[in-house]
Each structure stands twice: as C-alpha cells, then as structure tokens.
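Visitor: Next up, input-v4.tsv (TSV, N, CA and C atoms).
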chain	number	residue	atom	x	y	z
A	1	MET	N	-132.34	6.89	-60.65
A	1	MET	CA	-131.46	5.95	-60.03
A	1	MET	C	-131.50	4.65	-60.81
A	2	LYS	N	-130.37	4.23	-61.23
A	2	LYS	CA	-130.25	3.06	-62.07
A	2	LYS	C	-129.69	1.90	-61.22
A	3	VAL	N	-130.37	0.75	-61.28
A	3	VAL	CA	-129.95	-0.43	-60.52
A	3	VAL	C	-129.36	-1.43	-61.51
A	4	SER	N	-128.18	-1.90	-61.20
A	4	SER	CA	-127.56	-2.87	-62.11
A	4	SER	C	-128.22	-4.24	-61.97
A	5	PHE	N	-127.96	-5.07	-62.94
A	5	PHE	CA	-128.52	-6.42	-62.97
A	5	PHE	C	-128.10	-7.21	-61.74
A	6	TRP	N	-126.83	-7.16	-61.37
A	6	TRP	CA	-126.32	-7.95	-60.24
A	6	TRP	C	-126.84	-7.43	-58.91
A	7	THR	N	-127.08	-6.16	-58.82
A	7	THR	CA	-127.67	-5.61	-57.60
A	7	THR	C	-129.09	-6.14	-57.43
A	8	ALA	N	-129.83	-6.20	-58.53
A	8	ALA	CA	-131.19	-6.73	-58.49
A	8	ALA	C	-131.20	-8.21	-58.11
A	9	VAL	N	-130.24	-8.97	-58.64
A	9	VAL	CA	-130.14	-10.39	-58.31
A	9	VAL	C	-129.87	-10.57	-56.82
A	10	ILE	N	-128.96	-9.79	-56.28
A	10	ILE	CA	-128.62	-9.88	-54.85
A	10	ILE	C	-129.83	-9.52	-53.98
A	11	ILE	N	-130.57	-8.51	-54.36
A	11	ILE	CA	-131.76	-8.11	-53.61
A	11	ILE	C	-132.80	-9.22	-53.64
A	12	ILE	N	-133.02	-9.81	-54.81
A	12	ILE	CA	-134.00	-10.90	-54.94
A	12	ILE	C	-133.59	-12.11	-54.09
A	13	VAL	N	-132.32	-12.48	-54.12
A	13	VAL	CA	-131.83	-13.62	-53.33
A	13	VAL	C	-131.97	-13.33	-51.84
A	14	ALA	N	-131.68	-12.09	-51.42
A	14	ALA	CA	-131.82	-11.73	-50.01
A	14	ALA	C	-133.27	-11.82	-49.56
A	15	ILE	N	-134.18	-11.33	-50.38
A	15	ILE	CA	-135.61	-11.42	-50.04
A	15	ILE	C	-136.04	-12.88	-49.97
A	16	TRP	N	-135.62	-13.68	-50.92
A	16	TRP	CA	-135.96	-15.11	-50.92
A	16	TRP	C	-135.44	-15.80	-49.65
A	17	GLY	N	-134.22	-15.49	-49.25
A	17	GLY	CA	-133.64	-16.07	-48.04
A	17	GLY	C	-134.41	-15.67	-46.80
A	18	LEU	N	-134.77	-14.40	-46.71
A	18	LEU	CA	-135.54	-13.91	-45.57
A	18	LEU	C	-136.90	-14.60	-45.49
A	19	VAL	N	-137.58	-14.74	-46.61
A	19	VAL	CA	-138.88	-15.42	-46.64
A	19	VAL	C	-138.73	-16.89	-46.23
A	20	SER	N	-137.68	-17.54	-46.67
A	20	SER	CA	-137.45	-18.94	-46.30
A	20	SER	C	-137.24	-19.09	-44.80
A	21	VAL	N	-136.48	-18.20	-44.21
A	21	VAL	CA	-136.25	-18.25	-42.76
A	21	VAL	C	-137.55	-18.03	-42.00
A	22	ILE	N	-138.32	-17.05	-42.40
A	22	ILE	CA	-139.59	-16.77	-41.73
A	22	ILE	C	-140.53	-17.96	-41.86
A	23	ARG	N	-140.62	-18.55	-43.05
A	23	ARG	CA	-141.51	-19.69	-43.28
A	23	ARG	C	-141.08	-20.89	-42.42
A	24	SER	N	-139.79	-21.17	-42.34
A	24	SER	CA	-139.34	-22.32	-41.56
A	24	SER	C	-139.58	-22.11	-40.07
A	25	ARG	N	-139.44	-20.89	-39.58
A	25	ARG	CA	-139.75	-20.61	-38.17
A	25	ARG	C	-141.23	-20.80	-37.88
A	26	GLN	N	-142.09	-20.34	-38.78
A	26	GLN	CA	-143.53	-20.52	-38.59
A	26	GLN	C	-143.90	-22.00	-38.63
A	27	ASP	N	-143.33	-22.75	-39.55
A	27	ASP	CA	-143.61	-24.18	-39.63
A	27	ASP	C	-143.16	-24.90	-38.36
A	28	ALA	N	-142.01	-24.53	-37.84
A	28	ALA	CA	-141.51	-25.15	-36.60
A	28	ALA	C	-142.40	-24.79	-35.43
A	29	ALA	N	-142.94	-23.59	-35.42
A	29	ALA	CA	-143.80	-23.15	-34.32
A	29	ALA	C	-145.10	-23.94	-34.27
A	30	ILE	N	-145.61	-24.36	-35.41
A	30	ILE	CA	-146.85	-25.14	-35.43
A	30	ILE	C	-146.60	-26.64	-35.47
A	31	GLY	N	-145.34	-27.04	-35.43
A	31	GLY	CA	-145.01	-28.47	-35.37
A	31	GLY	C	-144.94	-29.15	-36.71
A	32	TYR	N	-144.81	-28.41	-37.75
A	32	TYR	CA	-144.71	-29.01	-39.08
A	32	TYR	C	-143.35	-28.69	-39.66
A	33	GLY	N	-142.74	-29.68	-40.22
A	33	GLY	CA	-141.44	-29.47	-40.83
A	33	GLY	C	-140.58	-30.68	-40.66
A	34	PRO	N	-139.42	-30.67	-41.24
A	34	PRO	CA	-138.57	-31.86	-41.16
A	34	PRO	C	-137.91	-31.99	-39.79
A	35	ASP	N	-137.74	-33.25	-39.35
A	35	ASP	CA	-136.99	-33.49	-38.13
A	35	ASP	C	-135.56	-33.85	-38.50
A	36	GLU	N	-134.83	-34.46	-37.58
A	36	GLU	CA	-133.42	-34.75	-37.86
A	36	GLU	C	-133.22	-35.73	-39.00
A	37	ASP	N	-134.23	-36.56	-39.29
A	37	ASP	CA	-134.15	-37.51	-40.40
A	37	ASP	C	-134.73	-36.94	-41.69
A	38	ARG	N	-135.09	-35.68	-41.66
A	38	ARG	CA	-135.69	-34.98	-42.80
A	38	ARG	C	-137.07	-35.55	-43.13
A	39	ASP	N	-137.74	-36.14	-42.13
A	39	ASP	CA	-139.11	-36.61	-42.29
A	39	ASP	C	-140.06	-35.54	-41.77
A	40	SER	N	-141.23	-35.52	-42.31
A	40	SER	CA	-142.22	-34.56	-41.84
A	40	SER	C	-142.68	-34.96	-40.44
A	41	LEU	N	-142.72	-34.00	-39.52
A	41	LEU	CA	-143.14	-34.30	-38.16
A	41	LEU	C	-144.59	-34.76	-38.12
A	42	SER	N	-145.45	-34.12	-38.88
A	42	SER	CA	-146.85	-34.53	-38.88
A	42	SER	C	-146.99	-35.92	-39.50
A	43	GLY	N	-146.15	-36.26	-40.45
A	43	GLY	CA	-146.18	-37.60	-41.04
A	43	GLY	C	-145.74	-38.65	-40.04
A	44	ARG	N	-144.75	-38.34	-39.22
A	44	ARG	CA	-144.29	-39.28	-38.20
A	44	ARG	C	-145.36	-39.49	-37.13
A	45	GLN	N	-146.05	-38.41	-36.77
A	45	GLN	CA	-147.11	-38.52	-35.79
A	45	GLN	C	-148.24	-39.40	-36.34
A	46	ARG	N	-148.60	-39.20	-37.57
A	46	ARG	CA	-149.65	-40.00	-38.20
A	46	ARG	C	-149.23	-41.46	-38.27
A	47	GLU	N	-147.94	-41.71	-38.54
A	47	GLU	CA	-147.44	-43.09	-38.58
A	47	GLU	C	-147.57	-43.75	-37.21
A	48	ARG	N	-147.26	-43.02	-36.15
A	48	ARG	CA	-147.40	-43.57	-34.79
A	48	ARG	C	-148.86	-43.91	-34.50
A	49	GLU	N	-149.77	-43.02	-34.91
A	49	GLU	CA	-151.20	-43.27	-34.69
A	49	GLU	C	-151.65	-44.51	-35.44
A	50	LEU	N	-151.19	-44.66	-36.68
A	50	LEU	CA	-151.58	-45.82	-37.47
A	50	LEU	C	-151.01	-47.11	-36.89
A	51	ARG	N	-149.78	-47.07	-36.39
A	51	ARG	CA	-149.19	-48.26	-35.77
A	51	ARG	C	-149.97	-48.67	-34.52
A	52	ALA	N	-150.40	-47.69	-33.72
A	52	ALA	CA	-151.20	-47.99	-32.53
A	52	ALA	C	-152.53	-48.60	-32.91
A	53	GLU	N	-153.14	-48.07	-33.96
A	53	GLU	CA	-154.43	-48.61	-34.42
A	53	GLU	C	-154.27	-50.03	-34.95
A	54	ILE	N	-153.19	-50.29	-35.66
A	54	ILE	CA	-152.94	-51.64	-36.17
A	54	ILE	C	-152.75	-52.61	-35.02
A	55	ALA	N	-152.03	-52.20	-33.99
A	55	ALA	CA	-151.82	-53.07	-32.82
A	55	ALA	C	-153.15	-53.39	-32.15
A	56	GLN	N	-154.01	-52.40	-32.03
A	56	GLN	CA	-155.33	-52.61	-31.42
A	56	GLN	C	-156.17	-53.57	-32.28
A	57	LEU	N	-156.12	-53.40	-33.58
A	57	LEU	CA	-156.89	-54.29	-34.46
A	57	LEU	C	-156.36	-55.71	-34.42
A	58	ARG	N	-155.05	-55.87	-34.29
A	58	ARG	CA	-154.48	-57.22	-34.16
A	58	ARG	C	-154.95	-57.89	-32.88
A	59	ASP	N	-155.00	-57.13	-31.79
A	59	ASP	CA	-155.50	-57.69	-30.53
A	59	ASP	C	-156.94	-58.16	-30.67
A	60	ARG	N	-157.75	-57.34	-31.30
A	60	ARG	CA	-159.16	-57.72	-31.50
A	60	ARG	C	-159.28	-58.96	-32.40
A	61	LEU	N	-158.45	-59.01	-33.42
A	61	LEU	CA	-158.48	-60.16	-34.32
A	61	LEU	C	-158.10	-61.44	-33.57
A	62	GLU	N	-157.11	-61.36	-32.68
A	62	GLU	CA	-156.72	-62.53	-31.89
A	62	GLU	C	-157.89	-63.03	-31.04
A	63	VAL	N	-158.62	-62.11	-30.44
A	63	VAL	CA	-159.78	-62.49	-29.64
A	63	VAL	C	-160.83	-63.17	-30.51
A	64	LEU	N	-161.10	-62.60	-31.67
A	64	LEU	CA	-162.10	-63.20	-32.56
A	64	LEU	C	-161.66	-64.58	-33.05
A	65	GLU	N	-160.38	-64.74	-33.36
A	65	GLU	CA	-159.89	-66.05	-33.78
A	65	GLU	C	-160.03	-67.07	-32.66
A	66	ARG	N	-159.71	-66.64	-31.44
A	66	ARG	CA	-159.83	-67.54	-30.31
A	66	ARG	C	-161.28	-67.97	-30.09
A	67	ILE	N	-162.20	-67.03	-30.22
A	67	ILE	CA	-163.62	-67.35	-30.05
A	67	ILE	C	-164.09	-68.30	-31.15
A	68	ALA	N	-163.66	-68.05	-32.37
A	68	ALA	CA	-164.13	-68.86	-33.51
A	68	ALA	C	-163.54	-70.26	-33.51
A	69	THR	N	-162.36	-70.45	-32.98
A	69	THR	CA	-161.71	-71.76	-33.10
A	69	THR	C	-161.83	-72.63	-31.85
A	70	ASP	N	-162.22	-72.06	-30.72
A	70	ASP	CA	-162.33	-72.86	-29.51
A	70	ASP	C	-163.61	-73.69	-29.52
A	71	ASP	N	-163.52	-74.92	-29.01
A	71	ASP	CA	-164.70	-75.77	-28.84
A	71	ASP	C	-165.17	-75.66	-27.39
A	72	ARG	N	-165.99	-74.71	-27.16
A	72	ARG	CA	-166.51	-74.48	-25.82
A	72	ARG	C	-168.00	-74.63	-25.84
A	73	GLU	N	-168.52	-74.89	-24.68
A	73	GLU	CA	-169.98	-74.94	-24.60
A	73	GLU	C	-170.55	-73.54	-24.77
A	74	SER	N	-171.76	-73.46	-25.16
A	74	SER	CA	-172.35	-72.18	-25.54
A	74	SER	C	-172.42	-71.20	-24.38
A	75	LYS	N	-172.57	-71.66	-23.15
A	75	LYS	CA	-172.65	-70.73	-22.01
A	75	LYS	C	-171.31	-70.04	-21.78
A	76	ARG	N	-170.21	-70.78	-21.86
A	76	ARG	CA	-168.90	-70.17	-21.67
A	76	ARG	C	-168.60	-69.17	-22.78
A	77	LEU	N	-168.96	-69.54	-24.01
A	77	LEU	CA	-168.74	-68.65	-25.14
A	77	LEU	C	-169.55	-67.37	-24.99
A	78	SER	N	-170.79	-67.51	-24.57
A	78	SER	CA	-171.65	-66.36	-24.38
A	78	SER	C	-171.11	-65.46	-23.26
A	79	ALA	N	-170.64	-66.06	-22.19
A	79	ALA	CA	-170.08	-65.28	-21.08
A	79	ALA	C	-168.82	-64.53	-21.51
A	80	GLU	N	-167.99	-65.16	-22.31
A	80	GLU	CA	-166.77	-64.50	-22.78
A	80	GLU	C	-167.09	-63.33	-23.70
A	81	ILE	N	-168.06	-63.50	-24.57
A	81	ILE	CA	-168.47	-62.41	-25.46
A	81	ILE	C	-168.99	-61.23	-24.64
A	82	GLU	N	-169.79	-61.50	-23.65
A	82	GLU	CA	-170.31	-60.43	-22.79
A	82	GLU	C	-169.16	-59.73	-22.04
A	83	ASN	N	-168.20	-60.51	-21.58
A	83	ASN	CA	-167.05	-59.95	-20.90
A	83	ASN	C	-166.27	-59.02	-21.82
A	84	LEU	N	-166.11	-59.41	-23.07
A	84	LEU	CA	-165.39	-58.56	-24.04
A	84	LEU	C	-166.18	-57.29	-24.35
A	85	ARG	N	-167.50	-57.38	-24.39
A	85	ARG	CA	-168.30	-56.19	-24.66
A	85	ARG	C	-168.19	-55.17	-23.53
A	86	THR	N	-168.19	-55.65	-22.30
A	86	THR	CA	-168.11	-54.73	-21.17
A	86	THR	C	-166.73	-54.14	-21.01
A	87	ARG	N	-165.71	-54.81	-21.53
A	87	ARG	CA	-164.33	-54.32	-21.44
A	87	ARG	C	-164.11	-53.10	-22.32
A	88	ASP	N	-164.79	-52.97	-23.44
A	88	ASP	CA	-164.62	-51.81	-24.35
A	88	ASP	C	-165.31	-50.66	-23.79
Any chance you could put this one into structure tokens?

Guide:
Amino acid sequence: MKVSFWTAVIIIVAIWGLVSVIRSRQDAAIGYGPDEDRDSLSGRQRERELRAEIAQLRDRLEVLERIATDDRESKRLSAEIENLRTRD
C-alpha cells in the first residue's frame, strides 16, 4: 500500500490538531491556559497574590513610619508597639 505525500501531510496535520485539542482541554481542566485577554491564568493569580502582599507591606510601612516620626512619650510608644504585636 502506497501513501502519497499529500495524504501523509493531511494525516500529520490531523494528528497535530487532535493533540492540540487534547492538550488545551487538559490545561483548562487544571486551570492553566490563556484567558480572554490571552494571559496565563496562573500568572494572573500570582499577580493578584503579589498585589495583596504589596498592599499588606505598605500598611506595615505606614505603621512603622508613624512610630518613627511621632514625638510621643515612651510609655505610649511602648503600648502601641505591644498593641501592634498582638494584632498580628
């Protein structure tokens, strides 16, 4: 049985298409793959996590700046530091 060149090309393209469909379904099932903006879903999730962490660090930095720049008596400063420790 002799297979022509174009028949072989069509078979290869069909196999490639089938593999691509299977791979994209598996990626979607585990939550990895492009969303409507063609961004990686796992990359977007990581970006959200990093933004939340940055917001938390900014809040902590504001507290530290306030402690460092306020002219308070040592007892009030000590009480505020203890209050911040128990809050975490």

Visitor: For CA of Lys2 (chain A) and CA of Ser20 (chain A), quote the distance in Å rounded to one decimal.

Guide: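 Between CA of Lys2 (chain A) and CA of Ser20 (chain A) the gap works out to 28.0 Å.
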
Visitor: Would you mind reading off the distance between CA of Leu84 (chain A) and CA of Leu64 (chain A), one decimal, in Å?

Guide: 10.2 Å

Visitor: CA of Glu62 (chain A) and CA of Arg76 (chain A), how far apart in Å?

Guide: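 That distance, rounded to one decimal, is 17.6 Å.
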